[in-house]
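Heads up: the structure comes next, in structure tokens.
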Amino acid sequence: MLKKCLLTLIAAECFVGLENILHHQEEKLMKFQDIFEYFKNPPPTKLCQEVAACFILSVLIDLGDSDFTAISQYLKSKHPAYRVSDHILYIARNFLVDEALILSYWQKQPGQGRPNQMYKISVEKQGEALQLAQLWHRYLGE
């Protein structure tokens, strides 16, 4: 009996959920103005991990040694049409560290309690880093 009651409740809940979805879709009918507005103000393009790795290298070449926050902020300030999640940026950073394209070290900042983890291009892998950074610029259409 309890099982039958639960199944009935689930079915009723699914029907209400489906009804809400259909109603919501009716409210969101596309208009011509929506299309023009989309192209006038497109949403930011999200970077994948491969592009994020090239971006990180480009930032380190342009700015020199940087911490993770500076790398993340650089994208927001210099390339507002693009976004990258911290998760994707971490994956890309870890790949670059594992492949020894970038090295990390700790640096104490004046006026801060604890040191920041800084990143720099590996001297031995500078050629590869430059090639990958150029891919970022090509991605931007530069």
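So you can find residues: chains in the structure tokens are A, B, ... in the order shown, residues in each start at 1, and ligands are numbered from 1 in order.
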### Query
Which residues, written as a PyMOL selection string, have at least one atom at most 7 Å from segment 50-61 of chain A, with only C-alpha atoms counted and residues fewer than 3 positions away on the same chain left out?
chain A and resi 47+64-66+71+89+92-93+96+120-121+129+132-133+135-136
Write a file of the just-selected residues containing C-alpha atoms, as a compact mmCIF listing (two decimals), in the first residue's frame.
# COMPACT_ATOMS: atom_id res chain seq x y z
CA LEU A 47 37.18 28.71 -22.02
CA GLY A 64 55.93 37.85 -15.55
CA ASP A 65 55.62 35.90 -12.32
CA SER A 66 52.01 35.96 -11.06
CA ILE A 71 45.94 35.27 -13.63
CA LEU A 89 41.84 27.16 -14.50
CA ALA A 92 45.03 23.85 -16.75
CA ARG A 93 47.48 25.12 -14.12
CA LEU A 96 51.28 23.03 -16.88
CA LYS A 120 56.59 31.49 -13.65
CA ILE A 121 57.54 30.08 -17.03
CA ALA A 129 55.38 28.03 -23.64
CA LEU A 132 51.17 27.67 -26.72
CA ALA A 133 50.78 31.34 -25.73
CA LEU A 135 47.69 29.80 -29.75
CA TRP A 136 45.83 31.95 -27.20
### Message
Could you go through segment 26-128 of chain A and tell me which residues DSSP, when run on the backbone, assigns to strand (DSSP E or B), listing them as a count of residues only?
### Response
18
## Note on the structure
Among A:Pro42, A:Leu130, A:His87, A:Arg138, Asp62 of chain A is approached most closely, using only C-alpha atoms, by A:Leu130
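What separates atom CA of Tyr74 of chain A from atom CA of Pro43 of chain A is a distance of 18.4 Å.
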### Task
Please measure the separation of atom CA of Leu103 of chain A and atom CA of Phe68 of chain A, giving the value in Å to one decimal.
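Between these atoms lies a distance of 12.5 Å.
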### Message
Let me make sure I understand: among A:Lys108, A:Asn41, A:Asp34, A:Lys125, which one has the smallest atom-to-atom distance to Ala81 of chain A if we use only C-alpha atoms?
### Response
A:Asn41
### Task
Tell me which protein, DNA and RNA residues are within 6 Å of Tyr82 of chain A, counting only C-alpha atoms, leaving out same-chain ones fewer than 2 positions away, and put them as a count of residues only.
5
### Task
Enumerate the residues of segment 1-140 of chain A with a DSSP assignment of helix (DSSP H, G or I), computed from the backbone, and present them as number ranges by chain.
A: 2-27, 32-40, 49-63, 68-78, 86-98, 123-140
### Distance query Thr69 of chain A at most 10 Å, only C-alpha atoms, self and fewer than 3 positions along chain excluded, as a ChimeraX atom specification
/A:66,72-74,86,116-118
### Task
Tell me, in Å to one decimal, how far atom CA of Glu99 of chain A is from atom CA of Glu128 of chain A.
10.8 Å
